[in-house]
>>> print(open('protein_24.tsv').read())   # TSV, C-alpha atoms and all ligand atoms
chain	number	residue	atom	x	y	z
A	749	MET	CA	-1.94	-12.06	-19.95
A	750	PHE	CA	-3.07	-11.38	-16.42
A	751	ASP	CA	-5.02	-14.39	-15.23
A	752	LYS	CA	-6.69	-15.63	-12.08
A	753	VAL	CA	-3.53	-17.37	-10.88
A	754	PHE	CA	-1.48	-14.19	-11.32
A	755	ALA	CA	-4.16	-12.15	-9.52
A	756	ARG	CA	-4.14	-14.64	-6.63
A	757	GLN	CA	-0.33	-14.55	-6.42
A	758	PHE	CA	-0.49	-10.75	-6.52
A	759	LEU	CA	-2.99	-10.59	-3.63
A	760	ALA	CA	-0.77	-12.88	-1.57
A	761	ALA	CA	2.38	-10.85	-2.31
A	762	TRP	CA	0.93	-7.34	-1.82
A	763	PRO	CA	0.68	-7.39	2.02
A	764	ARG	CA	4.15	-8.96	2.24
A	765	ALA	CA	5.93	-6.35	0.08
A	766	GLU	CA	9.37	-5.73	1.58
A	767	GLY	CA	12.00	-3.05	1.03
A	768	THR	CA	9.70	-0.04	0.99
A	769	ASP	CA	10.10	1.10	4.64
A	770	GLU	CA	11.83	4.36	3.84
A	771	ILE	CA	9.34	5.28	1.12
A	772	ASP	CA	6.42	4.27	3.40
A	773	ARG	CA	7.78	6.68	6.02
A	774	ILE	CA	8.00	9.49	3.45
A	775	ALA	CA	4.51	8.68	2.12
A	776	LYS	CA	3.10	9.00	5.66
A	777	SER	CA	4.79	12.34	6.30
A	778	PRO	CA	2.44	15.35	6.42
A	779	THR	CA	4.58	17.08	3.77
A	780	SER	CA	3.76	14.37	1.20
A	781	ILE	CA	0.59	16.06	0.03
A	782	TRP	CA	-1.48	14.41	-2.72
A	783	ALA	CA	0.81	11.37	-2.58
A	784	VAL	CA	-0.24	7.74	-2.79
A	785	VAL	CA	-0.73	6.23	0.67
A	786	PRO	CA	1.69	3.43	1.68
A	787	ARG	CA	-0.93	0.71	1.12
A	788	TYR	CA	-1.32	1.71	-2.52
A	789	GLY	CA	2.34	2.58	-2.90
A	790	ARG	CA	3.04	-1.05	-2.02
A	791	PHE	CA	0.27	-2.08	-4.44
A	792	LEU	CA	2.20	-0.35	-7.24
A	793	PHE	CA	5.50	-1.73	-5.96
A	794	THR	CA	4.13	-5.30	-5.98
A	795	LEU	CA	2.52	-4.90	-9.39
A	796	VAL	CA	5.81	-3.69	-10.89
A	797	MET	CA	7.83	-6.41	-9.09
A	798	MET	CA	5.55	-9.13	-10.43
A	799	PHE	CA	4.76	-7.76	-13.87
A	800	LYS	CA	8.33	-6.52	-14.54
A	801	PRO	CA	7.60	-3.76	-17.08
A	802	ARG	CA	10.69	-2.58	-18.95
A	803	ARG	CA	9.27	0.80	-19.97
A	804	ILE	CA	7.01	2.69	-17.59
A	805	LEU	CA	4.98	5.86	-18.19
A	806	GLU	CA	3.76	7.90	-15.23
A	807	VAL	CA	1.45	10.94	-15.20
A	808	GLY	CA	1.66	13.20	-12.13
A	809	MET	CA	4.86	13.46	-10.09
A	810	ALA	CA	4.23	15.94	-7.23
A	811	ASN	CA	6.65	14.98	-4.41
A	812	GLY	CA	7.59	11.81	-6.24
A	813	VAL	CA	6.17	9.25	-3.81
A	814	SER	CA	4.50	6.95	-6.37
A	815	CYS	CA	7.56	7.42	-8.63
A	816	ALA	CA	9.77	6.17	-5.78
A	817	TYR	CA	7.71	2.99	-5.21
A	818	ILE	CA	7.74	2.26	-8.96
A	819	ALA	CA	11.44	3.07	-9.43
A	820	LYS	CA	12.45	1.01	-6.40
A	821	ALA	CA	10.65	-2.03	-7.81
A	822	GLN	CA	11.92	-1.52	-11.36
A	823	LEU	CA	15.55	-1.10	-10.27
A	824	SER	CA	15.40	-4.40	-8.39
A	825	TYR	CA	15.17	-6.34	-11.67
A	826	LEU	CA	16.37	-3.82	-14.26
A	827	GLN	CA	19.46	-1.75	-13.53
A	828	GLN	CA	19.97	-0.69	-17.14
A	829	ASP	CA	17.90	-0.43	-20.31
A	830	GLY	CA	14.76	0.42	-18.39
A	831	ALA	CA	12.77	3.59	-18.87
A	832	HIS	CA	10.56	5.46	-16.45
A	833	VAL	CA	9.13	8.56	-18.10
A	834	ILE	CA	7.27	10.88	-15.72
A	835	ILE	CA	5.06	13.73	-16.93
A	836	ASP	CA	4.20	16.72	-14.76
A	837	PRO	CA	3.91	20.30	-16.05
A	838	PHE	CA	4.38	21.76	-12.58
A	839	GLN	CA	7.41	19.82	-11.24
A	840	SER	CA	9.85	22.74	-11.21
A	841	THR	CA	7.28	25.50	-10.65
A	842	GLN	CA	4.64	24.50	-8.08
A	843	TRP	CA	6.57	21.49	-6.74
A	844	HIS	CA	10.04	23.13	-6.72
A	845	ASN	CA	11.56	19.88	-8.06
A	846	ALA	CA	10.70	18.05	-4.85
A	847	GLY	CA	9.99	14.80	-6.73
A	848	ARG	CA	13.25	14.90	-8.66
A	849	ALA	CA	15.22	15.69	-5.47
A	850	MET	CA	13.65	12.81	-3.56
A	851	LEU	CA	14.42	10.24	-6.26
A	852	GLU	CA	18.03	11.47	-6.36
A	853	ARG	CA	18.35	11.32	-2.59
A	854	LEU	CA	17.05	7.74	-2.51
A	855	GLY	CA	19.32	6.75	-5.42
A	856	LEU	CA	16.28	5.85	-7.54
A	857	ASP	CA	16.83	8.24	-10.46
A	858	ARG	CA	18.78	5.95	-12.80
A	859	ASN	CA	16.02	5.29	-15.35
A	860	ILE	CA	14.06	8.50	-14.79
A	861	GLU	CA	13.16	11.08	-17.41
A	862	VAL	CA	10.88	13.95	-16.34
A	863	ILE	CA	8.86	15.78	-18.99
A	864	GLU	CA	7.47	19.12	-17.84
A	865	ASP	CA	4.40	19.37	-20.00
A	866	CYS	CA	0.71	18.54	-19.77
A	867	SER	CA	0.03	14.88	-20.42
A	868	ILE	CA	-2.38	15.74	-23.26
A	869	HIS	CA	0.60	17.19	-25.17
A	870	ALA	CA	3.43	15.03	-23.85
A	871	ILE	CA	1.98	11.55	-24.47
A	872	PRO	CA	1.06	12.20	-28.14
A	873	ASN	CA	4.63	13.54	-28.61
A	874	LEU	CA	5.99	10.26	-27.21
A	875	GLU	CA	3.70	8.40	-29.61
A	876	LYS	CA	5.05	10.42	-32.55
A	877	GLN	CA	8.59	9.55	-31.45
A	878	GLY	CA	7.59	5.87	-31.63
A	879	GLN	CA	7.98	5.26	-27.89
A	880	ARG	CA	6.12	2.32	-26.38
A	881	PHE	CA	5.45	1.35	-22.76
A	882	ASP	CA	4.55	-1.74	-20.77
A	883	LEU	CA	2.82	0.01	-17.87
A	884	ALA	CA	1.15	3.42	-17.49
A	885	PHE	CA	0.32	4.84	-14.06
A	886	ILE	CA	-2.13	7.74	-14.29
A	887	ASP	CA	-2.31	10.15	-11.34
A	888	GLY	CA	-2.41	13.62	-12.91
A	889	ASN	CA	-5.45	15.82	-13.38
A	890	HIS	CA	-8.38	13.76	-12.05
A	891	CYS	CA	-11.16	15.63	-13.91
A	892	LEU	CA	-13.27	13.28	-16.05
A	893	ASP	CA	-12.17	14.69	-19.42
A	894	TYR	CA	-8.48	14.70	-18.45
A	895	THR	CA	-8.72	11.16	-17.05
A	896	LEU	CA	-10.29	9.87	-20.26
A	897	ALA	CA	-7.74	11.80	-22.35
A	898	ASP	CA	-4.88	10.27	-20.32
A	899	VAL	CA	-6.29	6.76	-20.80
A	900	LEU	CA	-6.82	7.35	-24.53
A	901	ALA	CA	-3.29	8.69	-25.04
A	902	SER	CA	-1.67	6.03	-22.79
A	903	ASP	CA	-3.48	3.21	-24.58
A	904	ARG	CA	-2.01	4.44	-27.88
A	905	VAL	CA	1.56	4.08	-26.56
A	906	LEU	CA	0.94	0.85	-24.61
A	907	CYS	CA	2.13	-2.54	-25.87
A	908	ILE	CA	-0.47	-5.29	-26.07
A	909	GLY	CA	-0.50	-7.02	-22.69
A	910	GLY	CA	0.55	-3.79	-20.97
A	911	LEU	CA	-1.22	-2.37	-17.91
A	912	ILE	CA	-2.96	0.95	-17.29
A	913	VAL	CA	-3.32	1.77	-13.58
A	914	LEU	CA	-5.61	4.61	-12.48
A	915	ASP	CA	-5.05	6.09	-9.06
A	916	ASP	CA	-7.74	7.17	-6.65
A	917	SER	CA	-10.91	5.60	-7.93
A	918	ARG	CA	-12.86	7.68	-5.37
A	919	ALA	CA	-12.13	10.95	-7.18
A	920	PHE	CA	-15.22	12.12	-9.10
A	921	GLY	CA	-13.61	12.12	-12.57
A	922	VAL	CA	-12.03	8.70	-12.13
A	923	ARG	CA	-15.27	7.30	-10.64
A	924	MET	CA	-17.15	8.52	-13.73
A	925	ALA	CA	-14.47	7.32	-16.18
A	926	VAL	CA	-14.28	3.70	-14.93
A	927	PRO	CA	-17.85	2.57	-15.88
A	928	TYR	CA	-17.37	4.16	-19.33
A	929	LEU	CA	-14.04	2.37	-19.83
A	930	ASP	CA	-15.53	-0.92	-18.56
A	931	ARG	CA	-18.38	-0.70	-21.03
A	932	TYR	CA	-16.93	0.85	-24.16
A	933	ARG	CA	-13.17	0.27	-24.17
A	934	VAL	CA	-13.37	-3.34	-25.25
A	935	ASN	CA	-9.63	-3.48	-25.95
A	936	LEU	CA	-8.98	-2.87	-22.23
A	937	THR	CA	-9.79	-5.70	-19.85
A	938	ARG	CA	-10.45	-4.64	-16.27
A	939	ILE	CA	-8.46	-6.73	-13.81
A	940	ARG	CA	-10.58	-7.63	-10.83
A	941	PHE	CA	-8.36	-8.77	-8.03
A	942	ASP	CA	-11.12	-10.16	-5.83
A	943	ASN	CA	-14.13	-12.41	-6.14
A	944	TRP	CA	-17.27	-10.60	-7.36
A	945	LEU	CA	-18.67	-10.00	-3.85
A	946	VAL	CA	-15.55	-8.38	-2.43
A	947	HIS	CA	-15.10	-6.46	-5.68
A	948	TRP	CA	-18.71	-5.16	-5.54
A	949	TRP	CA	-18.25	-4.17	-1.90
A	950	ARG	CA	-15.02	-2.30	-2.72
A	951	GLU	CA	-16.65	-0.51	-5.66
A	952	HIS	CA	-19.99	0.38	-4.15
A	953	ILE	CA	-19.81	0.42	-0.36
A	954	SER	CA	-16.23	1.00	0.81
A	955	GLY	CA	-15.28	4.65	0.48
A	956	ARG	CA	-11.59	3.78	0.64
A	957	ARG	CA	-9.08	4.97	-1.89
A	958	ARG	CA	-8.16	2.28	-4.39
A	959	MET	CA	-6.60	1.75	-7.79
A	960	THR	CA	-8.20	0.47	-10.98
A	961	VAL	CA	-6.16	-1.68	-13.35
A	962	TYR	CA	-6.76	-2.49	-17.02
A	963	GLN	CA	-4.79	-4.75	-19.31
A	964	LYS	CA	-4.61	-3.98	-23.03
A	965	ASN	CA	-5.82	-7.04	-24.92
A	966	SER	CA	-5.64	-5.61	-28.48
A	967	GLU	CA	-5.29	-2.36	-30.41
A	968	ASP	CA	-8.20	0.08	-30.29
A	969	VAL	CA	-9.74	-0.05	-33.78
A	970	ARG	CA	-12.88	2.00	-33.16
A	971	GLY	CA	-13.39	4.48	-35.96
A	972	ALA	CA	-11.16	2.62	-38.40
A	973	PRO	CA	-12.75	1.97	-41.82
A	974	GLY	CA	-14.64	-1.31	-41.84
A	975	THR	CA	-15.20	-1.43	-38.04
B	1	LIG	C1	-2.11	13.58	-7.08
B	1	LIG	S1	-0.66	14.42	-7.61
B	1	LIG	C2	0.44	13.12	-8.02
B	1	LIG	C3	0.97	12.44	-6.80
B	1	LIG	C4	2.07	11.45	-7.10
B	1	LIG	N1	1.62	10.43	-8.04
B	1	LIG	C5	2.51	10.81	-5.81
B	1	LIG	O1	2.01	9.73	-5.46
B	1	LIG	O2	3.34	11.40	-5.12
B	1	LIG	C6	-1.18	15.01	-9.17
B	1	LIG	C7	-0.07	15.61	-10.00
B	1	LIG	O3	-0.53	15.80	-11.32
B	1	LIG	C8	0.07	16.93	-11.84
B	1	LIG	N2	-0.74	17.40	-12.95
B	1	LIG	C9	-1.77	18.27	-12.96
B	1	LIG	N3	-2.24	18.44	-14.20
B	1	LIG	C10	-1.50	17.64	-15.00
B	1	LIG	C11	-1.49	17.39	-16.40
B	1	LIG	N4	-2.36	18.00	-17.22
B	1	LIG	N5	-0.58	16.53	-16.90
B	1	LIG	C12	0.30	15.88	-16.07
B	1	LIG	N6	0.34	16.10	-14.74
B	1	LIG	C13	-0.56	16.97	-14.21
B	1	LIG	C14	0.16	17.90	-10.66
B	1	LIG	O4	1.20	18.85	-10.83
B	1	LIG	C15	0.45	16.95	-9.52
B	1	LIG	O5	1.82	16.86	-9.31
>>> encode(input="protein_24.tsv", output="structure tokens")
Amino acid sequence: MFDKVFARQFLAAWPRAEGTDEIDRIAKSPTSIWAVVPRYGRFLFTLVMMFKPRRILEVGMANGVSCAYIAKAQLSYLQQDGAHVIIDPFQSTQWHNAGRAMLERLGLDRNIEVIEDCSIHAIPNLEKQGQRFDLAFIDGNHCLDYTLADVLASDRVLCIGGLIVLDDSRAFGVRMAVPYLDRYRVNLTRIRFDNWLVHWWREHISGRRRMTVYQKNSEDVRGAPGT
């Protein structure tokens, strides 16, 4: 489980992430619309490097910038037998396969599978196929109901101990979802990377983009008979 020591090691490693220069340059380019910024791309990169998930689920591909940070980290410790399933209903239509093309160009497409469907359909299909994941990165439709639906569906395919990472905690839907998840999703433990003061400042005062991370501590049993 994620503990204080791991969080401290993570905070020390994040600013020193190396090997992402080319992706940072792409992330900064004006054509990379809606993409994660390099600071949070390296956040994802560091999280994957340290946590070493074997099977990764990602919602929202666009130009493929977050996918590239994740794939680059995963390929550094897992050349084969890894999985990186990316869901985006608009990859070949609105995005003209830009994400797929970039991963191919960077040689990061080895473990990639792209599903062109809405996450609310695609993730339950993965669940029915018996697929399980160690990390889910959610950056699709940021409306409140879609965000909660993505967390609900991702939690159902996540192994215990796995991480759910929500992008852009400033977006209205994500901002509304986080207090609900904190309070009512008791099987998801929020990982606070800072001491309470810095955390409070980041949450309430700083308007900067940031990511929110939960770790699954048990199965969700709400609604089951006897609970
Ligand atoms: C903010 S962008 C993702 C950016 C990407 N993570 C990156 O860093 O480059 C949001 C993406 O979600 C996709 N999207 C919108 N609705 C979706 C849905 N219902 N299911 C999955 N993806 C969705 C959009 O097509 C878009 O590519």
>>> residues_around(input="protein_24.tsv", residues="Phe941 in chain A", least_positions_apart="3", cutoff="9 Å", atoms="all atoms listed in the file", output="PDB file with C-alpha atoms, in the frame of the given file")
ATOM      1  CA  LYS A 752      -6.690 -15.630 -12.080  1.00  0.00           C
ATOM      2  CA  ALA A 755      -4.160 -12.150  -9.520  1.00  0.00           C
ATOM      3  CA  ARG A 756      -4.140 -14.640  -6.630  1.00  0.00           C
ATOM      4  CA  PHE A 758      -0.490 -10.750  -6.520  1.00  0.00           C
ATOM      5  CA  LEU A 759      -2.990 -10.590  -3.630  1.00  0.00           C
ATOM      6  CA  HIS A 947     -15.100  -6.460  -5.680  1.00  0.00           C
TER       7      HIS A 947
END
>>> residues_near_ligand(input="protein_24.tsv", ligand="ligand LIG 1 (chain B)", cutoff="6 Å", atoms="only C-alpha atoms and all ligand atoms", output="list in words")
Trp782, Ala783, Val784, Val807, Gly808, Met809, Ala810, Asn811, Gly812, Val813, Ser814, Ile835, Asp836, Pro837, Phe838, Cys866, Ser867, Asp887, Gly888 and Asn889 of chain A
>>> closest_residue(input="protein_24.tsv", among="A:Val922, A:Asp942, A:Ser917, A:Leu911", to="Lys964 in chain A", atoms="only C-alpha atoms")
A:Leu911
>>> residues_around(input="protein_24.tsv", residues="Glu951 in chain A", least_positions_apart="6", cutoff="12 Å", atoms="all atoms listed in the file", output="list in words")
Asp916, Ser917, Arg918, Arg923, Val926, Pro927, Arg940, Phe941, Asp942, Trp944, Leu945, Arg957, Arg958, Met959 and Thr960 of chain A
>>> atom_distance(input="protein_24.tsv", atom1="CA of Asp829 in chain A", atom2="CA of Phe881 in chain A")
12.8 Å
>>> atom_distance(input="protein_24.tsv", atom1="CA of His832 in chain A", atom2="CA of Ala819 in chain A")
7.5 Å
>>> closest_residue(input="protein_24.tsv", among="A:Cys891, A:Leu805, A:Val913, A:Leu906", to="Asn859 in chain A", atoms="all atoms listed in the file")
A:Leu805
>>> atom_distance(input="protein_24.tsv", atom1="CA of Glu770 in chain A", atom2="CA of Leu854 in chain A")
8.9 Å
>>> residues_around(input="protein_24.tsv", residues="Ile908 in chain A", least_positions_apart="6", cutoff="12 Å", atoms="all atoms listed in the file", output="list in words")
Met749, Phe750, Arg880, Phe881, Asp882, Leu883, Ser902, Asn935, Leu936, Thr937, Tyr962, Gln963, Lys964, Asn965, Ser966, Glu967 and Asp968 of chain A
>>> closest_residue(input="protein_24.tsv", among="A:Ala925, A:Val905, A:Ala816, A:Ala849", to="Gly878 in chain A", atoms="all atoms listed in the file")
A:Val905
>>> closest_residue(input="protein_24.tsv", among="A:Arg933, A:Arg950, A:Arg970, A:Lys820", to="Leu851 in chain A", atoms="all atoms listed in the file")
A:Lys820
>>> closest_residue(input="protein_24.tsv", among="A:Thr779, A:Leu892, A:Arg904, A:Ile939", to="Val969 in chain A", atoms="only C-alpha atoms")
A:Arg904
>>> closest_residue(input="protein_24.tsv", among="A:Pro872, A:Leu823, A:Thr768, A:Gln879", to="Asp857 in chain A", atoms="only C-alpha atoms")
A:Leu823
>>> residues_around(input="protein_24.tsv", residues="Ile818 in chain A", least_positions_apart="6", cutoff="8 Å", atoms="all atoms listed in the file", output="MDAnalysis selection string")
chainID A and resid 792:793 796
>>> build_atoms(input="protein_24.tsv", residues="range 762-789 of chain A", atoms="N, CA and C atoms", output="mmCIF file, keeping the file's coordinate frame")
data_model
loop_
_atom_site.group_PDB
_atom_site.id
_atom_site.type_symbol
_atom_site.label_atom_id
_atom_site.label_comp_id
_atom_site.auth_asym_id
_atom_site.auth_seq_id
_atom_site.Cartn_x
_atom_site.Cartn_y
_atom_site.Cartn_z
ATOM 1 N N TRP A 762 1.124 -8.759 -2.130
ATOM 2 C CA TRP A 762 0.930 -7.340 -1.820
ATOM 3 C C TRP A 762 1.137 -7.019 -0.321
ATOM 4 N N PRO A 763 0.476 -7.748 0.611
ATOM 5 C CA PRO A 763 0.680 -7.390 2.020
ATOM 6 C C PRO A 763 2.088 -7.702 2.515
ATOM 7 N N ARG A 764 2.813 -8.556 1.768
ATOM 8 C CA ARG A 764 4.150 -8.960 2.240
ATOM 9 C C ARG A 764 5.266 -8.181 1.534
ATOM 10 N N ALA A 765 4.900 -7.111 0.816
ATOM 11 C CA ALA A 765 5.930 -6.350 0.080
ATOM 12 C C ALA A 765 7.009 -5.875 1.050
ATOM 13 N N GLU A 766 8.258 -6.122 0.693
ATOM 14 C CA GLU A 766 9.370 -5.730 1.580
ATOM 15 C C GLU A 766 10.299 -4.788 0.844
ATOM 16 N N GLY A 767 10.999 -3.947 1.625
ATOM 17 C CA GLY A 767 12.000 -3.050 1.030
ATOM 18 C C GLY A 767 11.484 -1.650 0.785
ATOM 19 N N THR A 768 10.266 -1.366 1.260
ATOM 20 C CA THR A 768 9.700 -0.040 0.990
ATOM 21 C C THR A 768 9.619 0.826 2.261
ATOM 22 N N ASP A 769 10.277 0.395 3.354
ATOM 23 C CA ASP A 769 10.100 1.100 4.640
ATOM 24 C C ASP A 769 10.366 2.596 4.548
ATOM 25 N N GLU A 770 11.475 2.940 3.886
ATOM 26 C CA GLU A 770 11.830 4.360 3.840
ATOM 27 C C GLU A 770 10.788 5.157 3.035
ATOM 28 N N ILE A 771 10.341 4.556 1.934
ATOM 29 C CA ILE A 771 9.340 5.280 1.120
ATOM 30 C C ILE A 771 8.007 5.337 1.876
ATOM 31 N N ASP A 772 7.666 4.260 2.602
ATOM 32 C CA ASP A 772 6.420 4.270 3.400
ATOM 33 C C ASP A 772 6.461 5.434 4.397
ATOM 34 N N ARG A 773 7.636 5.606 5.022
ATOM 35 C CA ARG A 773 7.780 6.680 6.020
ATOM 36 C C ARG A 773 7.575 8.041 5.354
ATOM 37 N N ILE A 774 8.152 8.207 4.171
ATOM 38 C CA ILE A 774 8.000 9.490 3.450
ATOM 39 C C ILE A 774 6.531 9.681 3.041
ATOM 40 N N ALA A 775 5.904 8.591 2.575
ATOM 41 C CA ALA A 775 4.510 8.680 2.120
ATOM 42 C C ALA A 775 3.588 9.103 3.273
ATOM 43 N N LYS A 776 3.957 8.674 4.503
ATOM 44 C CA LYS A 776 3.100 9.000 5.660
ATOM 45 C C LYS A 776 3.337 10.413 6.171
ATOM 46 N N SER A 777 4.446 11.029 5.756
ATOM 47 C CA SER A 777 4.790 12.340 6.300
ATOM 48 C C SER A 777 3.772 13.390 5.863
ATOM 49 N N PRO A 778 3.456 14.337 6.770
ATOM 50 C CA PRO A 778 2.440 15.350 6.420
ATOM 51 C C PRO A 778 2.857 16.225 5.238
ATOM 52 N N THR A 779 4.152 16.241 4.905
ATOM 53 C CA THR A 779 4.580 17.080 3.770
ATOM 54 C C THR A 779 4.309 16.386 2.421
ATOM 55 N N SER A 780 4.010 15.084 2.459
ATOM 56 C CA SER A 780 3.760 14.370 1.200
ATOM 57 C C SER A 780 2.318 14.572 0.758
ATOM 58 N N ILE A 781 1.982 15.798 0.401
ATOM 59 C CA ILE A 781 0.590 16.060 0.030
ATOM 60 C C ILE A 781 0.290 15.467 -1.354
ATOM 61 N N TRP A 782 -0.957 14.999 -1.483
ATOM 62 C CA TRP A 782 -1.480 14.410 -2.720
ATOM 63 C C TRP A 782 -0.784 13.097 -3.086
ATOM 64 N N ALA A 783 0.034 12.565 -2.220
ATOM 65 C CA ALA A 783 0.810 11.370 -2.580
ATOM 66 C C ALA A 783 -0.023 10.105 -2.391
ATOM 67 N N VAL A 784 0.394 9.025 -3.052
ATOM 68 C CA VAL A 784 -0.240 7.740 -2.790
ATOM 69 C C VAL A 784 0.035 7.358 -1.331
ATOM 70 N N VAL A 785 -0.932 6.685 -0.706
ATOM 71 C CA VAL A 785 -0.730 6.230 0.670
ATOM 72 C C VAL A 785 0.120 4.952 0.613
ATOM 73 N N PRO A 786 0.803 4.597 1.731
ATOM 74 C CA PRO A 786 1.690 3.430 1.680
ATOM 75 C C PRO A 786 1.010 2.158 1.181
ATOM 76 N N ARG A 787 -0.242 1.941 1.577
ATOM 77 C CA ARG A 787 -0.930 0.710 1.120
ATOM 78 C C ARG A 787 -0.936 0.639 -0.406
ATOM 79 N N TYR A 788 -1.265 1.739 -1.056
ATOM 80 C CA TYR A 788 -1.320 1.710 -2.520
ATOM 81 C C TYR A 788 0.039 1.946 -3.172
ATOM 82 N N GLY A 789 0.959 2.537 -2.429
ATOM 83 C CA GLY A 789 2.340 2.580 -2.900
ATOM 84 C C GLY A 789 2.876 1.163 -3.009
#
